[in-house]
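A short write-up of the structure that comes next.
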Amino acid sequence: MEDPTMEGPLSKWTNVMQGWQYRWFVIHERLGILTYYTSKEKMKRGLRRGCMRLRGAYVGIEGAEEEATFAITSDGKTFHLQGKDVEEREKWIRALENAIKNVAQRNVGYQSQTVPTILDFDNKISETDAYLQLLVDQIKTLSLKIEDLPKDEQEIMSATMLASHAYLDSVKQSIVLLTVAKSTFDACESSGRSLPVGIGQIVLPDEERIVNSSPEVSDERAFFEESLPQGLEVTTGSFPGSSLPLPEISYSSSEDEDFYDAYENTCETPTPMINEAESGVHREVLATESVNGTAISPLTTKDINIDAIYEEGDDEDNVSLESHGSVIAHLVSQVKYGMDLTKVALPTFILERRSLLEMYADFFAHPDIFLRIADFKSPRERMIQVVRWYLSAFHAGRRSEVAKKPYNPILGETFQCWWDVPDLNVDKSEPAKDGPVPWCSKQQLAFIAEQVSHHPPVSGFYAENPEKRISFNGHIWTKSKFLGLSICVVNIGEGVISVLDFDEEYTITFPSAYGRSILTVPWIELGGRVEIVCTKTGYSAVVEFLTKPFYGGKKHRIVCDLFQQGEKKSFLNIQGEWNGEMIGKWSDGRTEEFVNVKKLSIVKKRVRRISEQEEYESRRLWQEVTMGLKLNDIPRATGSKHALEDRQRNEAKQRAETGEKWVTKNFNKAGEGWTYKTPLKRRLHL
């Protein structure tokens, strides 16, 4: 029986018309293409308007999740499509994902008749590793099922498990051999030496055998058929247009009518891939890496000022990640739309040189604005100042134009810092010894953060200034998911500002973060609706972080409205960019610059030297990874990162075996959230 074909109407964006146009789309899975026509009638006559190859394609959403738009990237071009509603979009994405996967799985092995290229090696390594992940998952599932069987049946199945593990080892060895062959080829090509005998006749793995041995194929086919949109035809016989020649590249009959938001140079030789798959096969390669036959020794701080590296920004590293295209493509090929990325290992080179705990400290990059909340006499003015601080709190957290990801904190990790506040004279004779940073004075703003949970990943953080009698307690659970061409990080949690002299608490929530254009040059935007509420006074604010529209519009837009108790009409509306100028318009018609973060000076946080830090403080904990990234020594950074993660897993295993419960250092669980153990309010007995 031939592969299923799915067809139905979608809208496609065209540049000529500057809008959406109706098209009839058909998935020809057997041919591995998605074709489209100007109408269903044209489809029946075989008058194809355009075509997209499914092999190597990626599908996902690029705009807001609530919109019905999605995109498919094929041969370096991104085609923008739109369903009639979100439900239809989801079904098309699922169907396309499964068609793309099935197309990849059907490709049989071949014997290369020509000398392979570096790109051939990268593609084959990526494909083989994808099958490795499938095999690992299937063996895990099989193992769990065997554990539920009676003991006599378990003994019968033991031979199957041994054979499965032997097969797994063979696939791992194939990846190692491919990696070695690629390195040999690359070295010979770079030095101009002749290739070793047989290098041009490498027989690549026969994926068809792997696919046919996998029960997941039939499951995927069943899922594909179940996920078809209602009302769309599914055929198993011949289909109109099947005799049309297959294109060498995805195309549109009128190239200039299409809007592409990304175009990759697929002819460039990609940077060799560093895979962080959980299988551990690449970890073994890293562990035995050597230079000129000499084992690599651990990085040392002898000749490097590691403290200075942490103080630097990442601007000098703002290179396009297109040079790592094979790695990003490999990552995308292993995840599916909507998948939780919590346990997905990301390439080390996309990491920012600091921990997530340190990034949270950047909420207070303008400590003077935060402390000024306590100076205002009326609740209305205090709410306005809370909003002013909140809207200015996000831009400092982005140190690079290119989106990078901070280190995932390990359980028990802490970060401490403090700020000298402009206009507040520091009296070092009055240290707040019972505060979160004991060596700070009462005039400084002190900050502490701790990773209080690993599953789910939750961070608690707290800041205070005894002089102004104001504090902040917050917790965030980061939950990330894959959106095809983007990554979404949902920040679940809240923060509470306590203004002690007025016995007021302001509760805030946090926007989601999106990493866009992950196949080319990633960039960050914030999105979602957040609220700021003071229960005592009744004042509230609603902030909308607007994601960039599909076409046109500006990035980083916000709209904020402030309300007083019992009023439905806002007394202040604020619009602008959270990383630029924001204009306030009052209910009486007055307008003014509410805040412009480009005019604000970031107050540099102060951190103890690493040599003075405790073992689990962020900068000391991650210093080897940080140095590796700074020196662009990715294997060393990756090895150091794995060492930390392995230590965390081993410690968790030991606690499970002994029944020991993890005890946090600075925060207590309080309902669904976390609170600092000795906040300023408690210490002042208020």
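The way I read the labels, and the way they are meant: chains A, B, ... in the order of the structure tokens, residue 1 as the first residue of every chain, and ligand 1 as the first ligand shown, with later ones counted on from there.
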
*asked:* Which residues are near A:Phe370? Cut-off 12 Å, only C-alpha atoms, ignore same chain within fewer than 4 positions. Put them as an MDAnalysis selection string.
replied: chainID A and resid 363:366 374:376 382:393 419 421:422 445 463:465 468:472 497:499

*Got a sec: who's within 12 Å of A:Val607, counting only C-alpha atoms, leaving out chain neighbours fewer than 2 positions off, as an MDAnalysis selection string?*
chainID A and resid 307:308 310:311 358 361 415:420 437 439:440 446:448 604:605 609:613 617:620

*Using only C-alpha atoms, which residues sit within 7 Å of A:Lys585 once same-chain residues fewer than 2 positions away are excluded, as a PyMOL selection string?*
chain A and resi 572-574+583+587+589-592

*asked:* Restricting the calculation to only C-alpha atoms: of A:Phe502, A:Gln648, A:Leu371, A:Asp75, which residue gets closest to A:Leu686?
replied: A:Phe502

*Provide the atom CA of A:Val530 to atom CA of A:Gly576 distance in Å, to one decimal place.*
16.0 Å

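On the backbone of this structure, DSSP gives alpha helix (DSSP H) within stretch 354-555 of chain A to Leu356, Leu357, Glu358, Met359, Tyr360, Ala361, Pro367, Asp368, Ile369, Phe370, Leu371, Pro379, Arg380, Glu381, Arg382, Met383, Ile384, Gln385, Val386, Val387, Arg388, Trp389, Tyr390 and Leu391 of chain A.
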
*Which residues come within 7 Å of A:Val489, counting only C-alpha atoms, excluding same-chain residues fewer than 3 positions away, as a list of chain:residue names?*
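Neighbouring residues, sequence-local ones excluded: A:Thr478, A:Lys479, A:Ser480, A:Lys481, A:Ser512, A:Ala513, A:Tyr514.
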
*Counting only C-alpha atoms, the residue of A:Val490, A:Val176, A:Ala68, A:Ile602 that sits nearest A:Thr509*: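 Of A:Val490, A:Val176, A:Ala68, A:Ile602, the one nearest A:Thr509 is A:Val490, counting only C-alpha atoms.
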
*Separation of atom CA of A:Met359 and atom CA of A:Pro406, in Å?*
7.6 Å

*Figure out the distance between atom CA of A:Ser143 and atom CA of A:Lys661, please, to one decimal in Å.*
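Computing the Euclidean distance for atom CA of A:Lys661 and atom CA of A:Ser143 yields 27.8 Å.
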